[in-house]
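work_5.txt (compact mmCIF, C-alpha atoms) appears below.
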# COMPACT_ATOMS: atom_id res chain seq x y z
CA MET A 1 109.74 48.49 85.76
CA ALA A 2 111.37 51.77 84.74
CA THR A 3 109.10 54.74 84.15
CA ILE A 4 109.10 56.62 80.84
CA SER A 5 110.99 59.53 82.48
CA GLU A 6 113.63 57.12 83.77
CA MET A 7 114.00 55.53 80.33
CA LEU A 8 114.26 58.93 78.68
CA PHE A 9 116.83 60.30 81.13
CA GLY A 10 118.64 56.96 80.87
CA PHE A 11 119.04 57.51 77.12
CA ILE A 12 120.17 61.09 77.60
CA LEU A 13 122.64 60.25 80.37
CA GLU A 14 124.05 57.28 78.45
CA ASP A 15 125.24 59.36 75.50
CA LYS A 16 128.53 60.68 76.85
CA VAL A 17 129.72 61.55 73.33
CA MET A 18 126.83 64.00 73.06
CA HIS A 19 127.66 65.48 76.49
CA MET A 20 131.30 65.93 75.58
CA ALA A 21 130.45 67.43 72.17
CA THR A 22 127.99 69.83 73.83
CA LEU A 23 130.54 70.78 76.45
CA MET A 24 133.23 71.40 73.85
CA GLU A 25 130.95 73.83 72.02
CA LEU A 26 130.89 76.10 75.08
CA SER A 27 133.44 78.86 75.45
CA PRO A 28 136.30 77.91 77.81
CA GLU A 29 135.05 80.53 80.28
CA LYS A 30 131.55 79.11 80.20
CA ARG A 31 132.76 75.53 80.42
CA GLN A 32 134.79 76.39 83.49
CA ALA A 33 131.74 78.03 85.06
CA VAL A 34 129.37 75.09 84.53
CA VAL A 35 131.57 72.01 85.02
CA GLY A 36 131.03 70.59 88.49
CA ARG A 37 127.47 71.87 88.84
CA LYS A 38 124.95 69.54 90.37
CA GLY A 39 121.22 69.69 89.79
CA LYS A 40 118.10 67.77 90.67
CA ILE A 41 115.28 67.12 88.22
CA ILE A 42 112.00 65.96 89.68
CA VAL A 43 109.33 64.67 87.34
CA THR A 44 106.14 63.97 89.24
CA GLY A 45 103.44 61.50 88.23
CA SER A 46 103.26 57.76 87.68
CA GLN A 47 105.78 57.99 84.80
CA GLY A 48 108.09 60.36 86.66
CA GLY A 49 111.32 60.05 88.59
CA ILE A 50 113.99 61.93 90.49
CA PHE A 51 117.33 62.53 88.84
CA ILE A 52 120.31 64.05 90.60
CA VAL A 53 123.00 64.79 88.04
CA ARG A 54 126.41 66.43 87.93
CA LEU A 55 128.16 67.91 84.93
CA THR A 56 131.78 66.70 84.85
CA PRO A 57 134.51 67.31 82.25
CA VAL A 58 133.70 63.89 80.75
CA GLY A 59 129.90 64.13 80.67
CA ILE A 60 126.79 64.16 82.85
CA PHE A 61 126.60 61.53 85.56
CA ARG A 62 123.89 60.51 88.00
CA GLU A 63 124.73 61.02 91.64
CA GLU A 64 123.22 60.32 94.99
CA GLY A 65 122.94 62.77 97.86
CA GLU A 66 121.26 66.11 98.19
CA ASP A 67 124.34 68.12 99.14
CA ASP A 68 125.72 70.79 96.80
CA ILE A 69 122.62 70.94 94.57
CA ARG A 70 122.53 74.30 92.81
CA ASN A 71 119.11 74.03 91.14
CA GLU A 72 116.02 71.91 91.44
CA VAL A 73 113.86 71.61 88.35
CA LEU A 74 110.32 70.44 89.03
CA MET A 75 107.72 69.44 86.46
CA ASP A 76 105.04 66.82 86.04
CA TYR A 77 105.18 64.01 83.53
CA ASP A 78 102.57 65.65 81.27
CA THR A 79 104.86 68.67 80.88
CA LEU A 80 107.83 66.45 80.06
CA ARG A 81 105.68 64.65 77.50
CA GLU A 82 104.68 67.98 75.91
CA ILE A 83 108.33 69.02 75.72
CA ILE A 84 109.25 65.71 74.09
CA ILE A 85 106.49 66.22 71.52
CA TRP A 86 107.76 69.74 70.84
CA LEU A 87 111.35 68.57 70.59
CA ALA A 88 110.47 65.69 68.25
CA GLN A 89 108.98 68.23 65.81
CA LEU A 90 111.83 70.74 66.04
CA GLY A 91 112.87 72.03 62.63
CA ALA A 92 109.95 70.25 60.93
CA PRO A 93 106.39 71.44 60.15
CA ARG A 94 104.58 71.38 63.48
CA ASP A 95 101.48 69.23 63.99
CA LEU A 96 98.96 71.95 64.90
CA THR A 97 96.72 69.51 66.74
CA ASP A 98 99.59 68.36 68.96
CA PRO A 99 102.41 70.93 68.75
CA GLY A 100 103.87 70.19 72.17
CA LEU A 101 105.31 72.87 74.41
CA ASP A 102 108.72 74.48 74.30
CA PRO A 103 110.61 74.59 77.61
CA ARG A 104 110.62 78.40 77.90
CA SER A 105 106.85 78.56 77.43
CA ALA A 106 106.37 75.70 79.92
CA TYR A 107 108.46 77.71 82.38
CA ALA A 108 106.47 80.93 81.79
CA ASN A 109 103.21 79.00 82.09
CA GLY A 110 104.38 77.76 85.49
CA TYR A 111 104.59 74.09 84.47
CA ILE A 112 108.33 74.02 85.11
CA ARG A 113 109.56 75.41 88.38
CA ILE A 114 113.21 76.08 89.01
CA SER A 115 114.63 76.80 92.43
CA GLY A 116 118.04 78.09 93.45
CA ASP A 117 119.79 81.27 94.53
CA LYS A 118 119.98 82.79 91.03
CA VAL A 119 116.96 81.33 89.29
CA LEU A 120 116.70 83.80 86.42
CA TYR A 121 120.38 83.52 85.63
CA ASP A 122 120.46 79.74 85.96
CA ALA A 123 117.22 79.24 84.00
CA GLU A 124 118.57 81.42 81.19
CA GLU A 125 121.81 79.47 81.17
CA ILE A 126 120.00 76.12 81.09
CA PHE A 127 117.59 77.13 78.31
CA ALA A 128 120.33 78.77 76.24
CA ALA A 129 122.58 75.70 76.54
CA LEU A 130 119.72 73.42 75.53
CA GLU A 131 118.76 75.61 72.57
CA LYS A 132 122.25 76.32 71.29
CA HIS A 133 123.88 72.97 71.88
CA ALA A 134 121.64 70.15 72.97
CA PHE A 135 118.20 70.25 71.36
CA MET A 136 119.24 69.14 67.89
CA LYS A 137 121.32 66.36 69.39
CA MET A 138 118.46 65.29 71.67
CA GLN A 139 115.91 65.27 68.86
CA PRO A 140 116.47 61.65 67.75
CA ILE A 141 115.97 60.58 71.39
CA ALA A 142 112.78 62.65 71.57
CA LYS A 143 111.47 61.09 68.35
CA TYR A 144 112.27 57.63 69.66
CA ALA A 145 110.64 58.42 73.03
CA LEU A 146 107.56 59.83 71.33
CA GLU A 147 107.23 56.72 69.20
CA ALA A 148 107.56 54.54 72.32
CA MET A 149 104.98 56.62 74.20
CA ARG A 150 102.51 56.37 71.32
CA LYS A 151 102.97 52.60 71.08
CA ALA A 152 102.51 52.27 74.83
CA ALA A 153 99.33 54.38 74.66
CA LYS A 154 97.92 52.22 71.82
CA SER A 155 98.59 48.94 73.59
CA ALA A 156 97.14 50.25 76.88
CA MET B 157 110.53 95.76 84.49
CA ASP B 158 107.91 94.02 82.45
CA CYS B 159 107.54 90.63 84.02
CA ILE B 160 104.01 89.66 83.13
CA ALA B 161 103.26 91.10 79.71
CA PRO B 162 106.63 92.14 78.30
CA THR B 163 106.40 94.51 75.34
CA LEU B 164 109.26 96.92 75.98
CA HIS B 165 111.20 95.65 72.95
CA LYS B 166 108.20 96.47 70.72
CA ALA B 167 108.10 100.01 72.07
CA LEU B 168 111.76 100.28 71.10
CA GLY B 169 111.03 99.12 67.55
CA LEU B 170 112.37 95.56 67.80
CA ALA B 171 110.39 92.71 66.24
CA GLU B 172 111.49 90.40 69.02
CA ALA B 173 113.50 90.72 72.17
CA PRO B 174 117.08 89.45 71.89
CA ARG B 175 117.89 86.55 74.22
CA TRP B 176 119.71 87.51 77.37
CA GLU B 177 123.47 87.32 77.20
CA VAL B 178 125.06 86.20 80.42
CA ASP B 179 128.43 86.89 81.96
CA ALA B 180 129.47 83.37 82.99
CA ALA B 181 132.35 84.52 85.17
CA GLU B 182 130.30 86.96 87.25
CA GLN B 183 127.03 85.06 86.76
CA MET B 184 125.10 88.13 85.72
CA ILE B 185 122.69 89.11 82.97
CA ILE B 186 123.96 91.57 80.36
CA PRO B 187 121.46 94.14 79.05
CA TYR B 188 121.11 94.61 75.31
CA GLN B 189 121.48 98.00 73.67
CA VAL B 190 119.01 99.91 71.49
CA ASP B 191 119.76 103.48 70.38
CA GLY B 192 121.98 104.18 73.37
CA LEU B 193 119.55 102.61 75.84
CA TYR B 194 120.47 99.49 77.79
CA VAL B 195 117.41 97.29 78.09
CA VAL B 196 116.36 94.32 80.17
CA THR B 197 113.01 92.72 79.51
CA MET B 198 111.57 89.40 80.58
CA ALA B 199 110.56 88.85 76.94
CA SER B 200 114.23 87.99 76.42
CA HIS B 201 113.87 85.22 78.95
CA TYR B 202 110.63 83.48 78.05
CA GLY B 203 109.48 85.18 74.87
CA GLU B 204 106.48 87.43 74.50
CA ASN B 205 103.82 84.87 73.59
CA PRO B 206 103.41 82.56 76.58
CA ALA B 207 101.00 83.55 79.31
CA VAL B 208 103.03 84.10 82.46
CA LEU B 209 101.29 82.15 85.18
CA TRP B 210 103.86 82.50 87.92
CA ASP B 211 102.53 82.80 91.43
CA GLU B 212 103.23 86.03 93.27
CA PRO B 213 106.20 84.76 95.35
CA THR B 214 107.89 83.59 92.13
CA LEU B 215 107.28 86.94 90.47
CA ILE B 216 108.60 88.79 93.50
CA ARG B 217 111.72 86.61 93.57
CA ALA B 218 112.28 87.25 89.85
CA MET B 219 111.88 91.00 90.39
CA ARG B 220 114.40 90.93 93.27
CA GLU B 221 116.83 88.94 91.14
CA LEU B 222 116.48 91.37 88.25
CA ASN B 223 117.27 94.13 90.70
CA THR B 224 120.60 92.54 91.60
CA LEU B 225 121.62 90.22 88.75
CA VAL B 226 121.87 92.69 85.88
CA LYS B 227 125.32 93.94 84.96
CA TRP B 228 124.43 97.54 84.09
CA PRO B 229 127.12 99.78 82.69
CA GLN B 230 127.52 103.29 84.09
CA LEU B 231 124.02 104.77 83.66
CA ASP B 232 122.65 108.30 83.70
CA TYR B 233 119.15 107.11 84.56
CA LEU B 234 117.51 103.76 85.16
CA PHE B 235 113.88 103.68 84.03
CA LEU B 236 111.58 101.03 85.36
CA ASP B 237 108.23 100.52 83.69
CA SER B 238 105.58 99.22 86.06
CA PRO B 239 101.80 98.86 86.06
CA PRO B 240 99.39 101.00 88.12
CA SER B 241 98.77 98.47 90.82
CA SER B 242 98.98 98.10 94.57
CA SER B 243 99.55 94.34 94.40
CA LYS B 244 101.96 92.57 96.72
CA PHE B 245 104.39 92.53 93.79
CA MET B 246 104.33 96.32 93.53
CA GLN B 247 104.62 96.73 97.29
CA GLU B 248 107.73 94.56 97.30
CA LEU B 249 109.10 96.42 94.30
CA TYR B 250 108.86 99.78 96.07
CA ASP B 251 110.36 98.28 99.21
CA CYS B 252 113.44 96.99 97.41
CA LEU B 253 114.16 100.23 95.51
CA SER B 254 116.35 102.00 98.01
CA ASP B 255 117.57 104.74 95.65
CA LEU B 256 114.40 105.63 93.75
CA TYR B 257 114.75 109.14 92.29
CA GLY B 258 111.14 109.72 91.38
CA ILE B 259 107.99 108.36 89.81
CA VAL B 260 106.53 109.66 86.56
CA LEU B 261 102.87 108.71 86.41
CA VAL B 262 101.55 108.11 82.90
CA PHE B 263 97.77 108.04 82.62
CA GLN B 264 95.00 108.57 80.12
CA PRO B 265 92.67 111.40 81.18
CA SER B 266 89.54 109.26 81.01
CA ASP B 267 87.09 108.66 83.82
CA ILE B 268 87.94 104.98 84.07
CA ALA B 269 91.74 105.51 84.04
CA VAL B 270 91.58 108.29 86.62
CA ALA B 271 89.98 105.88 89.10
CA ASP B 272 93.15 103.79 88.81
CA LEU B 273 95.28 106.92 88.98
CA VAL B 274 93.78 108.05 92.28
CA ARG B 275 94.35 104.60 93.80
CA THR B 276 97.94 104.62 92.51
CA ILE B 277 98.53 108.07 94.02
CA ASP B 278 97.18 106.81 97.33
CA PHE B 279 99.51 103.80 97.14
CA ILE B 280 102.52 105.99 96.35
CA ARG B 281 101.60 108.30 99.23
CA ILE B 282 101.47 105.36 101.64
CA LYS B 283 104.80 104.08 100.33
CA LYS B 284 106.27 107.60 100.77
CA ALA B 285 107.83 107.31 97.32
CA PRO B 286 108.93 110.55 95.60
CA VAL B 287 106.86 111.72 92.62
CA VAL B 288 108.18 113.82 89.73
CA GLY B 289 104.83 114.43 88.08
CA LEU B 290 102.16 113.16 85.75
CA VAL B 291 102.06 112.76 81.98
CA SER B 292 98.63 112.74 80.40
CA ASN B 293 98.92 110.08 77.74
CA MET B 294 96.63 109.90 74.70
CA ALA B 295 95.23 113.15 76.04
CA VAL B 296 93.42 113.94 72.84
CA CYS B 297 93.23 112.42 69.38
CA VAL B 298 94.75 114.51 66.57
CA SER B 299 93.88 113.33 63.05
CA PRO B 300 96.35 113.64 60.14
CA LYS B 301 94.37 116.77 59.09
CA GLY B 302 94.94 118.28 62.51
CA GLU B 303 91.37 117.84 63.82
CA ARG B 304 91.28 117.29 67.57
CA PHE B 305 88.68 115.02 69.16
CA TRP B 306 88.08 112.74 72.13
CA PRO B 307 87.94 109.15 70.80
CA TYR B 308 86.86 107.19 73.86
CA LEU B 309 83.53 106.21 75.40
CA SER B 310 84.77 106.88 78.91
CA PRO B 311 84.23 110.60 79.65
CA ARG B 312 87.22 112.94 79.57
CA VAL B 313 88.51 114.17 82.92
CA ASP B 314 90.29 117.46 83.55
CA ILE B 315 93.61 115.90 84.50
CA SER B 316 95.12 119.24 85.60
CA SER B 317 92.55 119.52 88.39
CA VAL B 318 93.32 115.96 89.50
CA CYS B 319 97.00 116.93 89.61
CA GLU B 320 96.17 120.08 91.55
CA ASP B 321 94.06 118.15 94.06
CA HIS B 322 96.94 115.83 94.81
CA GLY B 323 99.79 118.33 94.58
CA ILE B 324 101.37 116.64 91.57
CA PRO B 325 102.90 118.67 88.70
CA LEU B 326 101.41 118.04 85.26
CA LEU B 327 104.46 117.37 83.08
CA GLY B 328 102.71 117.38 79.74
CA GLU B 329 100.05 115.97 77.48
CA VAL B 330 100.85 113.48 74.73
CA PRO B 331 98.30 113.30 71.91
CA LEU B 332 97.19 110.12 70.21
CA THR B 333 98.21 110.82 66.64
CA PRO B 334 100.06 109.41 63.65
CA LEU B 335 101.85 112.78 63.39
CA GLN B 336 105.22 111.89 64.90
CA ALA B 337 106.40 115.54 64.97
CA LYS B 338 103.54 116.52 67.30
CA VAL B 339 104.47 113.74 69.71
CA ASP B 340 108.19 114.54 69.57
CA VAL B 341 107.54 118.16 70.57
CA GLU B 342 105.60 117.01 73.61
CA PHE B 343 108.23 114.41 74.54
CA ASP B 344 110.95 117.08 74.47
CA LYS B 345 108.89 119.36 76.72
CA ILE B 346 108.21 116.51 79.13
CA ALA B 347 111.88 115.51 79.24
CA ASP B 348 112.84 119.11 80.07
CA ARG B 349 110.22 119.32 82.81
CA ILE B 350 111.30 116.00 84.33
CA GLU B 351 114.88 117.26 84.48
CA ASN B 352 113.82 120.53 86.07
CA THR B 353 111.28 119.20 88.57
CA LYS B 354 112.38 118.17 92.01
CA PRO B 355 110.59 114.96 93.06
CA LYS B 356 108.58 115.21 96.24
CA VAL B 357 106.99 112.78 98.63
CA LEU B 358 103.22 113.23 98.71
CA THR B 359 101.58 114.04 102.00
CA ASP B 360 97.91 113.79 102.84
CA ALA B 361 96.06 116.76 101.40
CA LEU B 362 94.76 119.13 104.09
CA ALA B 363 91.15 118.36 103.22
CA THR B 364 91.74 114.62 103.51
CA ARG B 365 93.41 115.12 106.88
CA LEU B 366 90.50 117.26 108.11
CA CYS B 367 87.97 114.68 106.90
CA LYS B 368 89.86 111.94 108.68
CA ALA B 369 90.00 114.03 111.89
CA ILE B 370 86.26 114.77 111.74
CA ALA B 371 85.45 111.12 111.10
CA ARG B 372 87.67 110.06 113.98
CA ARG B 373 86.00 112.55 116.35
CA ALA B 374 82.56 111.35 115.26
CA VAL B 375 83.49 107.72 115.92
CA GLU B 376 84.96 108.66 119.31
CA ALA B 377 81.75 110.54 120.20
CA VAL B 378 79.63 107.50 119.29
CA ILE B 379 81.87 105.23 121.36
CA ARG B 380 81.64 107.59 124.36
CA ARG B 381 77.84 107.44 124.22
CA LEU B 382 77.80 103.62 124.25

Just give me the structure of the file as structure tokens.
Amino acid sequence: MATISEMLFGFILEDKVMHMATLMELSPEKRQAVVGRKGKIIVTGSQGGIFIVRLTPVGIFREEGEDDIRNEVLMDYDTLREIIIWLAQLGAPRDLTDPGLDPRSAYANGYIRISGDKVLYDAEEIFAALEKHAFMKMQPIAKYALEAMRKAAKSA
Amino acid sequence: MDCIAPTLHKALGLAEAPRWEVDAAEQMIIPYQVDGLYVVTMASHYGENPAVLWDEPTLIRAMRELNTLVKWPQLDYLFLDSPPSSSKFMQELYDCLSDLYGIVLVFQPSDIAVADLVRTIDFIRIKKAPVVGLVSNMAVCVSPKGERFWPYLSPRVDISSVCEDHGIPLLGEVPLTPLQAKVDVEFDKIADRIENTKPKVLTDALATRLCKAIARRAVEAVIRRL
């Protein structure tokens, strides 16, 4: 059975229209710089997973193989869950008892670790792209995921 | 460089630090500009509110990257704000600054701060880093009516004698006051002195060297008797 991380990344990777729209919002210079990049996301824990992805001109695709990976992003499932909670509440009054955690804070707190040759530059690029182009588009997925997580927790 | 508790933007009068702009072609970070100063602060990267819980190797890597990944324009001076510490982070920082002009120490003249100051001087001496001088910060409190008083519990220390003991020029004393004009006068004097002072590498004071020699001879004498 797929883990929650796998389901979530499955949703995100499925939506090629969103990828293309996000990509088209970038400046041509920026687009040229990021297309072709390959990264690895590791979510540890029982609901985690490993996702090797490449950004192509027609969207983000899963790949196999460790070669050519520019950045590895490591976090545990609890951190991912906190980010989903944060994202689900984006632009709305935040639930103060469960506000979630924004990705930059999770990174500063040491819950997200990013490796690579230019970590500061790459991390800034990733966060900026998410904030400027992807978060609002990912919010319905986050809301859906949060709902699913809460249902799963109730039935457990 | 304010990796752990970034507040540089506040000191420059900004409510929050602007996000880093990046040069995608060269893959570099572009500093933002405030009143003719180009600024890079980690608050631009992760905000100023989260506690930074990076382990030391991660901090050191970030510091090294900041040293090479920033696309500075032609600069007259590059100022680097760092804490008084001899941590591994600071050791690495000094090691990777190949063209350091000089250090300006900024300390409060209180008993508790001077303990840190002396340790910092010792660290700088070991690192053989050049020192321009020392600024006594919040040297005295000046009220809006012009009354001068010492506002701290920790006893006041004669900072000029500390400077003399360690062969460091005293560049000036900045009062703690809401009277901006008083501070500006001191800042101007300090800036002039920094420009006109040649940085020097600190050597062991003669007395320290003598003490060490005497201690070494005493240990050798004890060993010989054994």

Write out as a PyMOL selection string which residues come within 12 Å of region 243-247 of chain B when counting only C-alpha atoms, dropping same-chain ones fewer than 6 positions away. chain B and resi 157-160+210-220+236-237+253+275-276+279-280+282-285

Keeping only C-alpha atoms, write the selected residues as a compact mmCIF listing (two decimals), in the frame of the given file.
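Final output, result-v3.txt:
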# COMPACT_ATOMS: atom_id res chain seq x y z
CA MET B 157 110.53 95.76 84.49
CA ASP B 158 107.91 94.02 82.45
CA CYS B 159 107.54 90.63 84.02
CA ILE B 160 104.01 89.66 83.13
CA TRP B 210 103.86 82.50 87.92
CA ASP B 211 102.53 82.80 91.43
CA GLU B 212 103.23 86.03 93.27
CA PRO B 213 106.20 84.76 95.35
CA THR B 214 107.89 83.59 92.13
CA LEU B 215 107.28 86.94 90.47
CA ILE B 216 108.60 88.79 93.50
CA ARG B 217 111.72 86.61 93.57
CA ALA B 218 112.28 87.25 89.85
CA MET B 219 111.88 91.00 90.39
CA ARG B 220 114.40 90.93 93.27
CA LEU B 236 111.58 101.03 85.36
CA ASP B 237 108.23 100.52 83.69
CA LEU B 253 114.16 100.23 95.51
CA ARG B 275 94.35 104.60 93.80
CA THR B 276 97.94 104.62 92.51
CA PHE B 279 99.51 103.80 97.14
CA ILE B 280 102.52 105.99 96.35
CA ILE B 282 101.47 105.36 101.64
CA LYS B 283 104.80 104.08 100.33
CA LYS B 284 106.27 107.60 100.77
CA ALA B 285 107.83 107.31 97.32

For chain B, which residue among A:Arg70, A:Arg31, A:His19, A:Arg104 is the nearest when counting all atoms listed in the file? A:Arg104

Near-region 298-315 of chain B list (8 Å; all atoms listed in the file; drop same-chain fewer than 2 positions) as an MDAnalysis selection string: chainID B and resid 265:268 270 292 296 317:319 331:335

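The interface of chain B with chain A at 7 Å, considering all atoms listed in the file, consists of Ala180, Ala181, Gln183, Met184, Ile185, His201, Tyr202, Pro206, Ala207, Val208, Leu209, Trp210, Ala218 and Glu221 of chain B.
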
10 Å contact set for Gly45 (chain A), only C-alpha atoms, chain neighbours under 5 positions out, as a PyMOL selection string: chain A and resi 3+5+75-78

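Distance-wise, CA of Ser242 (chain B) and CA of Arg281 (chain B) end up 11.5 Å apart.
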
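Using all atoms listed in the file, the residues found no farther than 7 Å from Asn293 (chain B), other than those of its own chain fewer than 3 positions away, are Val262, Phe263, Gln264, Glu329, Val330 and Pro331 of chain B.
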
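Shortest separation to Lys132 (chain A) among B:Val196, B:Arg175, B:Arg381, B:Leu164 occurs at residue B:Arg175, atoms counted being only C-alpha atoms.
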
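Note that CA of Met7 (chain A) and CA of Met136 (chain A) are 19.2 Å apart.
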
Enter the distance from CA of Pro240 (chain B) to CA of Gly328 (chain B), in Å, rounded to one decimal. 18.7 Å

Sel. within 12 Å of pt (98.7, 118.3, 90.9), counting only C-alpha atoms, output as a PDB file with C-alpha atoms, in the frame of the given file:
ATOM      1  CA  LEU B 261     102.870 108.710  86.410  1.00  0.00           C
ATOM      2  CA  VAL B 274      93.780 108.050  92.280  1.00  0.00           C
ATOM      3  CA  ILE B 277      98.530 108.070  94.020  1.00  0.00           C
ATOM      4  CA  VAL B 287     106.860 111.720  92.620  1.00  0.00           C
ATOM      5  CA  VAL B 288     108.180 113.820  89.730  1.00  0.00           C
ATOM      6  CA  GLY B 289     104.830 114.430  88.080  1.00  0.00           C
ATOM      7  CA  LEU B 290     102.160 113.160  85.750  1.00  0.00           C
ATOM      8  CA  VAL B 291     102.060 112.760  81.980  1.00  0.00           C
ATOM      9  CA  SER B 292      98.630 112.740  80.400  1.00  0.00           C
ATOM     10  CA  ASP B 314      90.290 117.460  83.550  1.00  0.00           C
ATOM     11  CA  ILE B 315      93.610 115.900  84.500  1.00  0.00           C
ATOM     12  CA  SER B 316      95.120 119.240  85.600  1.00  0.00           C
ATOM     13  CA  SER B 317      92.550 119.520  88.390  1.00  0.00           C
ATOM     14  CA  VAL B 318      93.320 115.960  89.500  1.00  0.00           C
ATOM     15  CA  CYS B 319      97.000 116.930  89.610  1.00  0.00           C
ATOM     16  CA  GLU B 320      96.170 120.080  91.550  1.00  0.00           C
ATOM     17  CA  ASP B 321      94.060 118.150  94.060  1.00  0.00           C
ATOM     18  CA  HIS B 322      96.940 115.830  94.810  1.00  0.00           C
ATOM     19  CA  GLY B 323      99.790 118.330  94.580  1.00  0.00           C
ATOM     20  CA  ILE B 324     101.370 116.640  91.570  1.00  0.00           C
ATOM     21  CA  PRO B 325     102.900 118.670  88.700  1.00  0.00           C
ATOM     22  CA  LEU B 326     101.410 118.040  85.260  1.00  0.00           C
ATOM     23  CA  LEU B 327     104.460 117.370  83.080  1.00  0.00           C
ATOM     24  CA  GLY B 328     102.710 117.380  79.740  1.00  0.00           C
ATOM     25  CA  LYS B 356     108.580 115.210  96.240  1.00  0.00           C
ATOM     26  CA  LEU B 358     103.220 113.230  98.710  1.00  0.00           C
ATOM     27  CA  ALA B 361      96.060 116.760 101.400  1.00  0.00           C
TER      28      ALA B 361
END

Filtering to C-alpha atoms, could region 41-73 of chain A of the supplied structure be written out as a tab-separated table (two decimals), in the first residue's frame?
chain	number	residue	atom	x	y	z
A	41	ILE	CA	13.54	14.02	-1.99
A	42	ILE	CA	13.77	11.62	0.92
A	43	VAL	CA	10.95	11.52	3.43
A	44	THR	CA	11.82	9.23	6.30
A	45	GLY	CA	9.35	7.41	8.53
A	46	SER	CA	6.65	4.81	8.02
A	47	GLN	CA	4.67	7.19	5.77
A	48	GLY	CA	7.73	8.35	3.85
A	49	GLY	CA	9.30	7.56	0.51
A	50	ILE	CA	12.14	8.38	-1.85
A	51	PHE	CA	11.42	10.47	-4.92
A	52	ILE	CA	13.94	11.15	-7.65
A	53	VAL	CA	12.53	13.77	-9.98
A	54	ARG	CA	13.67	15.76	-13.00
A	55	LEU	CA	12.28	19.05	-14.26
A	56	THR	CA	11.74	18.84	-18.02
A	57	PRO	CA	10.23	21.40	-20.43
A	58	VAL	CA	6.93	19.49	-20.20
A	59	GLY	CA	6.75	19.00	-16.43
A	60	ILE	CA	8.29	17.13	-13.51
A	61	PHE	CA	8.85	13.42	-13.99
A	62	ARG	CA	9.99	10.65	-11.67
A	63	GLU	CA	13.25	9.02	-12.62
A	64	GLU	CA	15.39	6.17	-11.48
A	65	GLY	CA	19.13	6.28	-10.91
A	66	GLU	CA	21.29	8.36	-8.63
A	67	ASP	CA	23.46	9.93	-11.32
A	68	ASP	CA	23.30	13.67	-12.02
A	69	ILE	CA	21.40	14.54	-8.82
A	70	ARG	CA	22.01	18.19	-7.98
A	71	ASN	CA	20.29	18.34	-4.58
A	72	GLU	CA	19.04	15.93	-1.98
A	73	VAL	CA	16.24	17.15	0.26
